$ cat upload-v3.txt   # compact mmCIF, C-alpha atoms
# COMPACT_ATOMS: atom_id res chain seq x y z
CA MET A 124 44.27 -23.02 14.47
CA ASN A 125 45.84 -26.27 15.64
CA GLY A 126 48.83 -26.14 13.36
CA ARG A 127 47.46 -28.94 11.23
CA TYR A 128 48.95 -27.49 8.05
CA SER A 129 51.99 -25.81 9.62
CA ARG A 130 54.60 -27.93 7.81
CA GLN A 131 53.01 -27.12 4.48
CA GLU A 132 52.79 -23.41 5.32
CA LEU A 133 56.48 -23.41 6.24
CA PHE A 134 57.29 -24.56 2.73
CA PRO A 135 58.03 -21.23 1.00
CA PRO A 136 56.38 -21.81 -2.41
CA ILE A 137 53.10 -22.48 -0.56
CA GLY A 138 53.19 -20.39 2.61
CA LYS A 139 50.12 -19.21 4.53
CA ALA A 140 48.67 -17.56 1.42
CA GLY A 141 49.05 -20.77 -0.58
CA GLN A 142 47.43 -22.79 2.18
CA GLU A 143 44.43 -20.51 2.06
CA LYS A 144 44.17 -21.12 -1.68
CA ILE A 145 44.38 -24.86 -1.08
CA GLN A 146 41.55 -24.67 1.43
CA ASN A 147 39.45 -22.69 -1.02
CA SER A 148 40.07 -25.04 -3.93
CA LYS A 149 37.88 -27.74 -5.45
CA VAL A 150 39.59 -30.77 -6.94
CA ALA A 151 37.85 -33.45 -9.00
CA ILE A 152 39.50 -36.86 -9.06
CA ILE A 153 38.35 -39.00 -11.98
CA GLY A 154 38.74 -42.58 -10.81
CA ALA A 155 39.12 -44.03 -7.33
CA GLY A 156 41.39 -46.94 -8.08
CA ALA A 157 45.09 -46.97 -7.28
CA LEU A 158 45.99 -43.50 -8.56
CA GLY A 159 42.77 -41.97 -7.27
CA SER A 160 43.27 -43.42 -3.78
CA ALA A 161 46.82 -42.13 -3.58
CA SER A 162 46.01 -38.65 -4.88
CA ALA A 163 42.88 -38.33 -2.79
CA GLU A 164 44.67 -39.15 0.43
CA MET A 165 47.46 -36.66 -0.23
CA LEU A 166 45.04 -33.93 -1.25
CA ALA A 167 42.75 -34.54 1.73
CA ARG A 168 45.71 -34.35 4.10
CA ALA A 169 46.93 -31.21 2.34
CA GLY A 170 43.59 -29.61 3.20
CA VAL A 171 41.99 -29.20 -0.24
CA GLY A 172 38.63 -27.73 0.77
CA HIS A 173 36.46 -29.75 -1.57
CA ILE A 174 37.28 -33.06 -3.21
CA THR A 175 34.95 -34.72 -5.69
CA ILE A 176 35.79 -38.37 -6.28
CA VAL A 177 34.18 -40.28 -9.13
CA ASP A 178 34.28 -44.01 -9.83
CA ARG A 179 32.09 -46.63 -11.48
CA ASP A 180 33.48 -49.70 -9.74
CA TYR A 181 33.34 -51.38 -6.34
CA VAL A 182 36.13 -52.64 -4.09
CA GLU A 183 37.51 -56.11 -4.76
CA TRP A 184 40.22 -58.17 -3.08
CA SER A 185 42.66 -57.68 -5.95
CA ASN A 186 42.53 -53.92 -5.29
CA LEU A 187 43.89 -54.09 -1.75
CA GLN A 188 47.52 -54.63 -2.79
CA ARG A 189 47.78 -51.00 -3.93
CA GLN A 190 44.54 -49.05 -3.48
CA GLN A 191 45.42 -47.51 -0.16
CA LEU A 192 42.05 -46.16 0.95
CA TYR A 193 40.33 -49.55 1.06
CA THR A 194 40.06 -52.29 3.66
CA GLU A 195 39.20 -55.96 3.64
CA ARG A 196 35.77 -55.05 4.87
CA ASP A 197 35.18 -52.79 1.85
CA ALA A 198 36.07 -55.73 -0.41
CA GLU A 199 33.89 -58.16 1.52
CA GLU A 200 30.93 -55.81 1.33
CA GLN A 201 31.60 -54.75 -2.28
CA ILE A 202 31.36 -51.08 -1.34
CA PRO A 203 31.48 -48.76 -4.36
CA LYS A 204 34.95 -47.24 -4.47
CA ALA A 205 33.74 -43.64 -4.45
CA GLU A 206 31.74 -44.32 -1.26
CA ALA A 207 34.50 -46.29 0.44
CA ALA A 208 36.97 -43.54 -0.48
CA LYS A 209 34.71 -40.87 0.95
CA ASN A 210 34.29 -42.78 4.22
CA ARG A 211 38.05 -43.13 4.66
CA LEU A 212 38.84 -39.55 3.58
CA LYS A 213 36.37 -38.18 6.11
CA GLN A 214 38.26 -40.04 8.84
CA ILE A 215 41.53 -38.55 7.59
CA ASN A 216 40.24 -34.99 7.42
CA SER A 217 36.87 -34.04 8.84
CA GLY A 218 37.38 -30.37 8.05
CA ILE A 219 36.95 -30.67 4.31
CA THR A 220 34.06 -31.57 2.01
CA ILE A 221 34.14 -34.86 0.13
CA ALA A 222 31.62 -35.50 -2.62
CA SER A 223 31.43 -39.06 -3.93
CA LYS A 224 29.89 -39.97 -7.25
CA VAL A 225 29.25 -43.62 -8.07
CA MET A 226 28.94 -43.26 -11.80
CA ASP A 227 30.51 -44.01 -15.12
CA ILE A 228 32.04 -41.00 -16.81
CA HIS A 229 31.04 -40.43 -20.42
CA GLY A 230 30.82 -37.59 -22.89
CA MET A 231 27.32 -36.60 -21.82
CA ASN A 232 27.92 -36.27 -18.08
CA ILE A 233 31.53 -35.16 -17.68
CA GLU A 234 30.87 -31.44 -18.07
CA ALA A 235 28.46 -31.34 -15.16
CA VAL A 236 30.85 -33.36 -12.99
CA ILE A 237 33.88 -31.08 -13.42
CA LYS A 238 32.04 -27.74 -13.50
CA GLY A 239 33.34 -25.27 -10.95
CA HIS A 240 36.44 -27.26 -10.01
CA THR A 241 39.89 -25.71 -9.74
CA VAL A 242 41.82 -28.73 -11.01
CA ILE A 243 41.00 -32.21 -12.34
CA VAL A 244 43.24 -35.13 -11.38
CA ASP A 245 43.30 -38.01 -13.82
CA ALA A 246 43.04 -41.38 -12.13
CA SER A 247 41.18 -43.26 -14.82
CA ASP A 248 42.17 -46.67 -16.15
CA ASN A 249 41.60 -46.16 -19.85
CA PHE A 250 42.45 -43.80 -22.73
CA GLU A 251 38.88 -43.12 -23.76
CA THR A 252 37.86 -41.66 -20.42
CA ARG A 253 41.02 -39.55 -20.42
CA LEU A 254 40.19 -38.04 -23.79
CA ILE A 255 36.61 -37.39 -22.66
CA VAL A 256 37.91 -35.57 -19.59
CA ASN A 257 40.49 -33.74 -21.69
CA ASP A 258 37.80 -32.38 -24.02
CA ALA A 259 35.68 -31.18 -21.13
CA ALA A 260 38.63 -29.72 -19.23
CA VAL A 261 39.84 -27.75 -22.25
CA LYS A 262 36.28 -26.58 -22.98
CA GLN A 263 35.84 -25.28 -19.45
CA GLY A 264 39.41 -24.04 -19.07
CA ILE A 265 40.20 -26.26 -16.08
CA PRO A 266 43.73 -27.64 -15.63
CA TYR A 267 43.83 -31.42 -16.00
CA ILE A 268 46.70 -33.48 -14.65
CA TYR A 269 47.21 -36.66 -16.67
CA GLY A 270 48.79 -39.64 -14.92
CA ALA A 271 48.96 -43.33 -15.75
CA CYS A 272 50.96 -46.35 -14.74
CA VAL A 273 51.45 -50.03 -15.45
CA GLY A 274 54.06 -52.50 -14.19
CA SER A 275 56.78 -50.41 -12.56
CA TYR A 276 56.38 -47.62 -15.10
CA GLY A 277 54.39 -44.42 -14.89
CA LEU A 278 54.08 -41.02 -16.50
CA THR A 279 52.41 -37.70 -15.94
CA TYR A 280 51.68 -34.50 -17.85
CA PRO A 281 49.82 -31.28 -17.00
CA VAL A 282 47.18 -30.02 -19.43
CA ILE A 283 46.85 -26.31 -18.74
CA PRO A 284 44.25 -24.94 -21.18
CA GLY A 285 45.63 -22.04 -23.18
CA GLN A 286 49.18 -22.76 -22.06
CA THR A 287 50.24 -26.33 -22.75
CA PRO A 288 49.33 -28.71 -25.59
CA CYS A 289 46.36 -30.81 -24.48
CA LEU A 290 46.24 -34.58 -24.13
CA GLN A 291 44.59 -34.88 -27.54
CA CYS A 292 47.61 -33.15 -29.10
CA LEU A 293 49.84 -35.78 -27.52
CA ILE A 294 47.57 -38.79 -28.03
CA ASP A 295 46.04 -38.26 -31.44
CA HIS A 296 44.18 -41.57 -31.52
CA LEU A 297 43.00 -44.31 -29.21
CA PRO A 298 45.46 -47.19 -29.26
CA ALA A 299 43.98 -50.34 -30.77
CA GLN A 300 44.97 -52.34 -27.77
CA GLY A 301 45.33 -50.79 -24.35
CA MET A 302 48.53 -51.66 -22.53
CA THR A 303 47.20 -52.21 -19.08
CA CYS A 304 47.27 -54.21 -15.91
CA ASP A 305 46.06 -57.44 -17.52
CA THR A 306 49.38 -58.19 -19.16
CA ALA A 307 51.92 -56.33 -17.09
CA GLY A 308 50.39 -56.05 -13.61
CA VAL A 309 51.33 -53.06 -11.50
CA ILE A 310 53.31 -52.45 -8.33
CA SER A 311 52.44 -49.93 -5.69
CA PRO A 312 55.61 -47.78 -5.97
CA ALA A 313 54.73 -46.97 -9.59
CA VAL A 314 51.29 -45.85 -8.41
CA GLN A 315 52.66 -43.78 -5.56
CA THR A 316 55.26 -42.05 -7.71
CA THR A 317 52.79 -41.20 -10.46
CA ALA A 318 50.33 -39.83 -7.91
CA ALA A 319 53.11 -37.88 -6.19
CA TYR A 320 53.91 -36.10 -9.45
CA GLN A 321 50.23 -35.42 -10.09
CA VAL A 322 49.62 -34.03 -6.62
CA THR A 323 52.70 -31.83 -6.87
CA SER A 324 51.36 -30.39 -10.13
CA THR A 325 47.93 -29.95 -8.55
CA LEU A 326 49.33 -28.03 -5.58
CA LYS A 327 51.36 -25.88 -7.96
CA VAL A 328 48.29 -25.01 -10.02
CA ILE A 329 46.20 -24.20 -6.96
CA THR A 330 48.87 -22.00 -5.37
CA GLY A 331 49.54 -20.11 -8.58
CA ASN A 332 52.97 -21.57 -9.29
CA SER A 333 53.72 -22.09 -12.95
CA LEU A 334 53.89 -25.46 -14.66
CA GLU A 335 55.77 -26.38 -17.79
CA ALA A 336 54.52 -28.58 -20.62
CA VAL A 337 56.76 -31.45 -19.62
CA ILE A 338 55.93 -35.16 -19.91
CA GLN A 339 57.70 -37.01 -17.10
CA SER A 340 58.11 -40.74 -17.09
CA PHE A 341 59.93 -43.15 -14.82
CA ASP A 342 60.53 -46.82 -14.29
CA MET A 343 60.85 -47.57 -10.60
CA TRP A 344 62.25 -51.07 -11.07
CA ASN A 345 64.98 -50.00 -13.49
CA GLY A 346 65.71 -46.65 -11.91
CA GLN A 347 65.03 -44.68 -15.08
CA HIS A 348 63.66 -41.19 -15.33
CA THR A 349 62.88 -39.27 -18.51
CA SER A 350 61.31 -35.96 -19.33
CA ILE A 351 60.36 -34.41 -22.65
CA HIS A 352 59.17 -30.87 -23.27
CA ALA A 353 55.95 -31.21 -25.26
CA ARG A 354 55.52 -27.69 -26.66
CA ARG A 355 56.36 -28.87 -30.20
CA LEU A 356 53.36 -31.20 -30.13
CA LEU A 357 50.86 -28.34 -29.93
CA ASN A 358 48.43 -28.97 -32.77
CA LYS A 359 46.80 -25.83 -34.16
CA ASN A 360 44.05 -28.01 -35.64
CA CYS A 361 43.53 -30.06 -32.50
CA PRO A 362 39.82 -30.99 -32.15
CA ALA A 363 40.00 -30.10 -28.44
CA CYS A 364 42.39 -27.15 -28.03
CA GLY A 365 42.80 -26.01 -31.64
CA LYS A 366 41.35 -22.90 -33.24
CA ASP A 367 38.06 -24.53 -34.26
CA PRO A 368 37.39 -27.20 -31.65
CA SER A 369 34.70 -29.85 -32.10
CA PHE A 370 35.29 -31.70 -28.78
CA PRO A 371 34.64 -35.08 -30.41
CA TYR A 372 34.52 -36.98 -27.13
CA LEU A 373 31.61 -34.90 -25.88
CA ASN A 374 29.34 -35.97 -28.74
CA TYR A 375 26.55 -38.44 -28.25
CA GLU A 376 27.58 -40.39 -31.35
CA ASN A 377 30.89 -41.16 -29.72
CA LEU A 378 29.40 -42.61 -26.58
CA THR A 379 30.59 -46.10 -25.86
CA LYS A 380 27.94 -48.11 -24.18
CA THR A 381 29.98 -51.16 -23.49
CA ALA A 382 33.50 -51.52 -22.22
CA VAL A 383 35.70 -54.55 -21.65
CA LEU A 384 37.34 -53.93 -18.29
CA CYS A 385 41.08 -54.20 -18.02
CA GLY A 386 42.22 -57.65 -16.93
CA ARG A 387 38.94 -58.45 -15.29
CA ASP A 388 37.33 -60.78 -17.81
CA THR A 389 34.39 -58.44 -17.45
CA VAL A 390 32.18 -56.35 -19.70
CA GLN A 391 30.46 -53.23 -18.50
CA ILE A 392 27.10 -52.34 -20.01
CA ARG A 393 25.86 -48.81 -19.68
CA PRO A 394 22.31 -48.02 -20.76
CA ALA A 395 21.92 -45.13 -23.17
CA SER A 396 19.68 -43.32 -20.73
CA HIS A 397 20.00 -43.10 -16.99
CA ARG A 398 17.81 -45.48 -15.05
CA ASP A 399 16.71 -45.56 -11.47
CA LEU A 400 16.21 -49.21 -10.67
CA SER A 401 14.55 -50.53 -7.58
CA LEU A 402 17.14 -53.08 -6.52
CA GLU A 403 14.66 -54.87 -4.27
CA GLU A 404 12.32 -55.34 -7.18
CA VAL A 405 15.11 -56.56 -9.43
CA SER A 406 16.23 -59.09 -6.84
CA LEU A 407 12.69 -60.40 -6.43
CA HIS A 408 12.41 -60.67 -10.18
CA LEU A 409 15.64 -62.66 -10.30
CA LYS A 410 14.76 -65.04 -7.49
CA GLU A 411 14.12 -68.02 -9.72
CA ALA A 412 16.64 -67.39 -12.46
CA ALA A 413 19.68 -66.37 -10.44
CA GLU A 414 21.69 -67.63 -7.50
CA LYS A 415 23.54 -66.02 -4.61
CA ILE A 416 21.54 -62.81 -4.88
CA LYS A 417 22.88 -60.08 -2.61
CA VAL A 418 21.37 -56.62 -2.35
CA THR A 419 23.18 -53.60 -0.90
CA PRO A 420 21.96 -49.99 -0.92
CA TYR A 421 24.00 -49.42 -4.10
CA LEU A 422 23.89 -52.62 -6.12
CA VAL A 423 22.58 -56.12 -6.50
CA SER A 424 25.00 -58.95 -7.26
CA PHE A 425 24.12 -62.48 -8.33
CA ILE A 426 25.12 -65.47 -10.43
CA TYR A 427 23.22 -65.88 -13.67
CA GLU A 428 24.10 -68.54 -16.27
CA ASN A 429 27.48 -69.04 -14.59
CA HIS A 430 28.29 -65.31 -14.86
CA ARG A 431 28.69 -63.19 -11.80
CA ILE A 432 26.73 -60.01 -12.42
CA VAL A 433 26.65 -56.76 -10.56
CA LEU A 434 23.84 -54.35 -11.33
CA PHE A 435 23.93 -50.77 -10.08
CA LYS A 436 20.96 -48.54 -9.34
CA ASP A 437 21.58 -46.42 -12.44
CA GLY A 438 21.10 -49.45 -14.68
CA ARG A 439 24.77 -50.08 -15.28
CA ALA A 440 25.93 -53.67 -15.06
CA LEU A 441 29.22 -55.53 -14.80
CA ILE A 442 29.05 -58.93 -16.45
CA HIS A 443 31.93 -61.04 -15.16
CA GLY A 444 33.31 -64.13 -16.81
CA THR A 445 33.32 -62.85 -20.37
CA ASN A 446 35.25 -60.49 -22.61
CA ASP A 447 32.64 -60.74 -25.32
CA VAL A 448 30.51 -57.64 -25.62
CA SER A 449 27.60 -59.27 -27.42
CA THR A 450 27.38 -62.12 -24.91
CA ALA A 451 27.33 -59.55 -22.15
CA LYS A 452 24.71 -57.43 -23.89
CA GLY A 453 22.57 -60.50 -24.38
CA ILE A 454 22.73 -61.34 -20.71
CA TYR A 455 22.02 -57.73 -19.76
CA ASN A 456 18.99 -57.60 -21.98
CA ARG A 457 17.70 -60.80 -20.50
CA ILE A 458 17.98 -59.42 -16.99
CA VAL A 459 17.08 -55.77 -17.30
CA GLY A 460 15.31 -55.65 -20.64
CA MET B 156 76.07 -48.19 -32.40
CA THR B 157 76.01 -46.62 -28.96
CA VAL B 158 73.36 -44.07 -28.02
CA MET B 159 72.16 -42.44 -24.82
CA LEU B 160 68.63 -43.76 -24.34
CA ASN B 161 66.60 -42.26 -21.49
CA GLY B 162 69.82 -41.19 -19.81
CA LYS B 163 71.57 -44.54 -20.09
CA GLU B 164 74.24 -45.59 -22.55
CA VAL B 165 72.94 -48.50 -24.61
CA GLN B 166 74.32 -50.54 -27.46
CA ILE B 167 71.80 -51.02 -30.27
CA PRO B 168 72.18 -53.34 -33.28
CA ASP B 169 73.68 -51.79 -36.40
CA HIS B 170 70.57 -52.48 -38.50
CA ILE B 171 68.70 -49.81 -36.55
CA GLY B 172 68.94 -46.78 -38.77
CA SER B 173 65.84 -44.73 -37.97
CA VAL B 174 63.49 -43.79 -35.15
CA GLN B 175 60.96 -46.23 -36.63
CA ASP B 176 63.52 -49.06 -36.45
CA LEU B 177 64.24 -48.17 -32.85
CA LEU B 178 60.54 -48.24 -31.91
CA THR B 179 60.14 -51.62 -33.61
CA TYR B 180 63.23 -52.94 -31.82
CA TYR B 181 61.75 -51.99 -28.46
CA GLU B 182 58.27 -53.20 -29.52
CA LEU B 183 56.81 -49.74 -29.12
CA HIS B 184 55.75 -49.26 -32.75
CA ASN B 185 52.07 -49.90 -32.01
CA ARG B 186 52.00 -47.73 -28.96
CA ILE B 187 51.55 -44.04 -28.41
CA VAL B 188 55.06 -42.71 -28.07
CA VAL B 189 56.81 -39.37 -27.89
CA VAL B 190 60.43 -39.45 -29.07
CA GLU B 191 63.05 -36.79 -28.68
CA VAL B 192 66.43 -36.93 -30.42
CA ASN B 193 69.10 -34.50 -29.29
CA ALA B 194 66.59 -32.35 -27.41
CA GLU B 195 64.16 -32.07 -30.34
CA ILE B 196 60.83 -33.94 -30.56
CA VAL B 197 60.62 -36.03 -33.72
CA LEU B 198 57.24 -35.71 -35.45
CA LYS B 199 55.64 -38.98 -36.57
CA GLU B 200 56.02 -38.23 -40.26
CA HIS B 201 59.80 -38.16 -39.77
CA TYR B 202 60.11 -41.49 -37.94
CA THR B 203 61.36 -43.36 -41.00
CA SER B 204 63.36 -40.55 -42.56
CA LEU B 205 65.26 -39.39 -39.50
CA GLY B 206 68.49 -41.34 -39.24
CA LEU B 207 70.15 -42.11 -35.93
CA SER B 208 73.84 -41.60 -35.33
CA GLN B 209 76.43 -42.78 -32.87
CA GLY B 210 76.17 -40.86 -29.61
CA ASP B 211 72.65 -39.50 -30.19
CA ARG B 212 70.77 -38.58 -27.04
CA ILE B 213 67.35 -40.17 -27.33
CA GLU B 214 64.42 -39.83 -24.94
CA MET B 215 61.43 -42.09 -25.44
CA ILE B 216 58.21 -41.95 -23.45
CA HIS B 217 55.29 -44.26 -24.15
CA PHE B 218 51.78 -43.63 -22.96
CA VAL B 219 49.94 -46.24 -20.95
CA GLY B 220 46.33 -46.42 -19.86
CA GLY B 221 46.49 -48.02 -16.42
CA GLY B 222 45.72 -46.32 -13.21
$ encode --input "upload-v3.txt" --output "C-alpha cells"
Amino acid sequence: MNGRYSRQELFPPIGKAGQEKIQNSKVAIIGAGALGSASAEMLARAGVGHITIVDRDYVEWSNLQRQQLYTERDAEEQIPKAEAAKNRLKQINSGITIASKVMDIHGMNIEAVIKGHTVIVDASDNFETRLIVNDAAVKQGIPYIYGACVGSYGLTYPVIPGQTPCLQCLIDHLPAQGMTCDTAGVISPAVQTTAAYQVTSTLKVITGNSLEAVIQSFDMWNGQHTSIHARRLLNKNCPACGKDPSFPYLNYENLTKTAVLCGRDTVQIRPASHRDLSLEEVSLHLKEAAEKIKVTPYLVSFIYENHRIVLFKDGRALIHGTNDVSTAKGIYNRIVG
Amino acid sequence: MTVMLNGKEVQIPDHIGSVQDLLTYYELHNRIVVVEVNAEIVLKEHYTSLGLSQGDRIEMIHFVGGG
C-alpha cells in the first residue's frame, strides 16, 4: 500500500505477518480519560483494525492538560469523551473502525461490551470497574492489560487468562479509600509511560509474542523503576480465575448505582434499569425549576438548587457540587423521578 | 539499617523490623501492595513475622486507581 505501517513492519518481532494480525484485531479500551486517550491514539496509529472505546463522562477543561485526544472545543461543548475520541481517532486513521460507547460500565453490561475482542486495555479511573472488567475478561478468556497512574507514579500488569494470575488474585479487596487524582494530581509523563507499557503488552498479545506475569511500576519524577514477578500470587480459590469461579463483580447484587467521582465533588447516579430519556422533554419539564439549561444530542446540563447537573439520555446523571450520595440521589429523584 | 529499596540504597530507622513496619513507615499499610524481599514475594500473612535484615533487596509496588 502506501507504506503507512512500514516502520512497524520493519520491527522484527512484528513484521508483515504481525501487522496483518494487528489489522485483524479488535481492541476494547475501557475508559477514555488520560490513559484511554494515550492508548487509543497509539493503537489507532498502529493500525488496530477495530477499536471500541467506552466512557461515561464528557470532556472538561481540567482534562486538557493530559487527555491528548481532546480540544478546547470539546470541553466548551461538553462532548462525551467516547464521541470526541472517536472523532479525533477517525482523523488520525480513516482506515480503521472506531466504535464509541457513551455508557457506564457495570457488571450487567460489561460482557456484551468486550465480547469478540482480542484484547482489553484498562483505562478506567477506579478499582471497582477494573475488577468488573477482570471478571468478564477471565470469563471470556480475553487478555486484559491493567494500567493505572497517579501523581508521577504508574504501574501496569497483563492479565492473560489461563496463564497469569488475574487482577483479583493481586487485588483481593477494594481499598477503603481510593488513592486517586483528588489528593495527588497527575502529570502527563506518568500517563504516557503507563499507556506505553500497556500498548506494548497489547501489541505483543496481538502478534502472538509471549508476556510474563510481571507487575511493572515506575515513578517518573524520582526516576525509579520496579518490577515484581507475580506468579506466586496465583490464588487457586480466586473467585475469578480459580477452580470454581463465581465472578462476584458480574452479579446484580454487587451493582453499585451511585459513585462519588474522583476529585470532582460529584456523584454519579445510575438507574437500575436503562432508560431512554427524551432530552427535549426533560428540558421543557425543567424550565421553571432549573437555570442555564443546555441541551445537546447526548445530554442536558443545567443548574438546579445550586448544583450543576448533567443528565444523559440513558438516565444517568452527574450531580456536581456534592460528595454526598444521598443528597445526590434526592436531587436525582426530584428531577427524573 | 541499610536496604536496597526499589533499586536504591536507603537508610531505614532501626525500629523497622518487619515488612509490616516498613509499610507503616512509608504509609502504605492501608493500600494494596505487593512486596518482594530478596526476589521472593512476601504473602500478607507473613508481613509481621518476616524480619528484615541489613542489605535486603526489597521491591515494593502499590496499586493505584487513577487513570
$ closest_atom_pairs --input "upload-v3.txt" --of "chain A" --to "chain B" --cutoff "10 Å" --atoms "all atoms listed in the file" --output "JSON lines"
{"residue": "A:Gly154", "atom": "CA", "partner": "B:Gly222", "partner_atom": "CA", "distance": 8.3}
{"residue": "A:Ala155", "atom": "CA", "partner": "B:Gly222", "partner_atom": "CA", "distance": 9.1}
{"residue": "A:Gly156", "atom": "CA", "partner": "B:Gly222", "partner_atom": "CA", "distance": 6.7}
{"residue": "A:Ala157", "atom": "CA", "partner": "B:Gly222", "partner_atom": "CA", "distance": 6.0}
{"residue": "A:Leu158", "atom": "CA", "partner": "B:Gly222", "partner_atom": "CA", "distance": 5.4}
{"residue": "A:Gly159", "atom": "CA", "partner": "B:Gly222", "partner_atom": "CA", "distance": 7.9}
{"residue": "A:Asp245", "atom": "CA", "partner": "B:Gly222", "partner_atom": "CA", "distance": 8.7}
{"residue": "A:Ala246", "atom": "CA", "partner": "B:Gly222", "partner_atom": "CA", "distance": 5.7}
{"residue": "A:Ser247", "atom": "CA", "partner": "B:Gly222", "partner_atom": "CA", "distance": 5.7}
{"residue": "A:Asp248", "atom": "CA", "partner": "B:Gly221", "partner_atom": "CA", "distance": 4.5}
{"residue": "A:Asn249", "atom": "CA", "partner": "B:Gly220", "partner_atom": "CA", "distance": 4.7}
{"residue": "A:Phe250", "atom": "CA", "partner": "B:Gly220", "partner_atom": "CA", "distance": 5.5}
{"residue": "A:Glu251", "atom": "CA", "partner": "B:Gly220", "partner_atom": "CA", "distance": 9.0}
{"residue": "A:Thr252", "atom": "CA", "partner": "B:Gly220", "partner_atom": "CA", "distance": 9.7}
{"residue": "A:Arg253", "atom": "CA", "partner": "B:Gly220", "partner_atom": "CA", "distance": 8.7}
{"residue": "A:Gly270", "atom": "CA", "partner": "B:Gly222", "partner_atom": "CA", "distance": 7.5}
{"residue": "A:Ala271", "atom": "CA", "partner": "B:Gly222", "partner_atom": "CA", "distance": 5.1}
{"residue": "A:Cys272", "atom": "CA", "partner": "B:Gly221", "partner_atom": "CA", "distance": 5.1}
{"residue": "A:Val273", "atom": "CA", "partner": "B:Gly221", "partner_atom": "CA", "distance": 5.4}
{"residue": "A:Gly274", "atom": "CA", "partner": "B:Gly221", "partner_atom": "CA", "distance": 9.1}
{"residue": "A:Tyr276", "atom": "CA", "partner": "B:Val219", "partner_atom": "CA", "distance": 8.8}
{"residue": "A:Gly277", "atom": "CA", "partner": "B:Val219", "partner_atom": "CA", "distance": 7.7}
{"residue": "A:Leu278", "atom": "CA", "partner": "B:Phe218", "partner_atom": "CA", "distance": 7.3}
{"residue": "A:Thr279", "atom": "CA", "partner": "B:Phe218", "partner_atom": "CA", "distance": 9.2}
{"residue": "A:Leu293", "atom": "CA", "partner": "B:Val189", "partner_atom": "CA", "distance": 7.8}
{"residue": "A:Ile294", "atom": "CA", "partner": "B:Ile187", "partner_atom": "CA", "distance": 6.6}
{"residue": "A:Asp295", "atom": "CA", "partner": "B:Ile187", "partner_atom": "CA", "distance": 8.5}
{"residue": "A:His296", "atom": "CA", "partner": "B:Ile187", "partner_atom": "CA", "distance": 8.4}
{"residue": "A:Leu297", "atom": "CA", "partner": "B:Ile187", "partner_atom": "CA", "distance": 8.6}
{"residue": "A:Pro298", "atom": "CA", "partner": "B:Arg186", "partner_atom": "CA", "distance": 6.6}
{"residue": "A:Ala299", "atom": "CA", "partner": "B:Asn185", "partner_atom": "CA", "distance": 8.2}
{"residue": "A:Gln300", "atom": "CA", "partner": "B:Arg186", "partner_atom": "CA", "distance": 8.5}
{"residue": "A:Gly301", "atom": "CA", "partner": "B:Gly220", "partner_atom": "CA", "distance": 6.3}
{"residue": "A:Met302", "atom": "CA", "partner": "B:Val219", "partner_atom": "CA", "distance": 5.8}
{"residue": "A:Thr303", "atom": "CA", "partner": "B:Gly221", "partner_atom": "CA", "distance": 5.0}
{"residue": "A:Cys304", "atom": "CA", "partner": "B:Gly221", "partner_atom": "CA", "distance": 6.3}
{"residue": "A:Asp305", "atom": "CA", "partner": "B:Gly221", "partner_atom": "CA", "distance": 9.5}
{"residue": "A:Ala307", "atom": "CA", "partner": "B:Gly221", "partner_atom": "CA", "distance": 9.9}
{"residue": "A:Gly308", "atom": "CA", "partner": "B:Gly221", "partner_atom": "CA", "distance": 9.4}
{"residue": "A:Val309", "atom": "CA", "partner": "B:Gly221", "partner_atom": "CA", "distance": 8.5}
{"residue": "A:Ala313", "atom": "CA", "partner": "B:Gly222", "partner_atom": "CA", "distance": 9.7}
{"residue": "A:Val314", "atom": "CA", "partner": "B:Gly222", "partner_atom": "CA", "distance": 7.4}
{"residue": "A:Thr317", "atom": "CA", "partner": "B:Gly222", "partner_atom": "CA", "distance": 9.2}
{"residue": "A:Ala318", "atom": "CA", "partner": "B:Gly222", "partner_atom": "CA", "distance": 9.6}
{"residue": "A:Ile338", "atom": "CA", "partner": "B:Ile216", "partner_atom": "CA", "distance": 8.0}
{"residue": "A:Gln339", "atom": "CA", "partner": "B:Ile216", "partner_atom": "CA", "distance": 8.1}
{"residue": "A:Ser340", "atom": "CA", "partner": "B:Ile216", "partner_atom": "CA", "distance": 6.5}
{"residue": "A:Phe341", "atom": "CA", "partner": "B:Ile216", "partner_atom": "CA", "distance": 8.9}
{"residue": "A:Gln347", "atom": "CA", "partner": "B:Asn161", "partner_atom": "CA", "distance": 7.0}
{"residue": "A:His348", "atom": "CA", "partner": "B:Asn161", "partner_atom": "CA", "distance": 6.9}
{"residue": "A:Thr349", "atom": "CA", "partner": "B:Asn161", "partner_atom": "CA", "distance": 5.6}
{"residue": "A:Ser350", "atom": "CA", "partner": "B:Glu214", "partner_atom": "CA", "distance": 7.5}
{"residue": "A:Ile351", "atom": "CA", "partner": "B:Glu191", "partner_atom": "CA", "distance": 7.0}
{"residue": "A:His352", "atom": "CA", "partner": "B:Ile196", "partner_atom": "CA", "distance": 8.1}
{"residue": "A:Ala353", "atom": "CA", "partner": "B:Ile196", "partner_atom": "CA", "distance": 7.7}
{"residue": "A:Arg354", "atom": "CA", "partner": "B:Ile196", "partner_atom": "CA", "distance": 9.1}
{"residue": "A:Arg355", "atom": "CA", "partner": "B:Ile196", "partner_atom": "CA", "distance": 6.8}
{"residue": "A:Leu356", "atom": "CA", "partner": "B:Ile196", "partner_atom": "CA", "distance": 8.0}
{"residue": "A:Cys385", "atom": "CA", "partner": "B:Gly221", "partner_atom": "CA", "distance": 8.4}
$ residues_around --input "upload-v3.txt" --residues "A:His430" --least-positions-apart "4" --cutoff "7 Å" --atoms "all atoms listed in the file" --output "list of chain:residue names"
A:Ile426, A:Ile442, A:His443, A:Gly444
$ closest_residue --input "upload-v3.txt" --among "B:Leu205, B:Met156, B:Val192, B:Leu183" --to "B:His170" --atoms "only C-alpha atoms"
B:Met156
$ closest_residue --input "upload-v3.txt" --among "A:Leu212, A:Ile152, A:Leu254, A:Ala207" --to "A:Thr241" --atoms "all atoms listed in the file"
A:Ile152
$ closest_residue --input "upload-v3.txt" --among "A:Ala319, A:Leu402, A:Ile145, A:Ala259" --to "A:Pro368" --atoms "all atoms listed in the file"
A:Ala259
$ atom_distance --input "upload-v3.txt" --atom1 "atom CA of A:Asp388" --atom2 "atom CA of A:Leu441"
10.1 Å
$ atom_distance --input "upload-v3.txt" --atom1 "atom CA of A:Thr287" --atom2 "atom CA of A:Gly239"
20.6 Å
$ atom_distance --input "upload-v3.txt" --atom1 "atom CA of B:Glu164" --atom2 "atom CA of B:Arg212"
9.0 Å
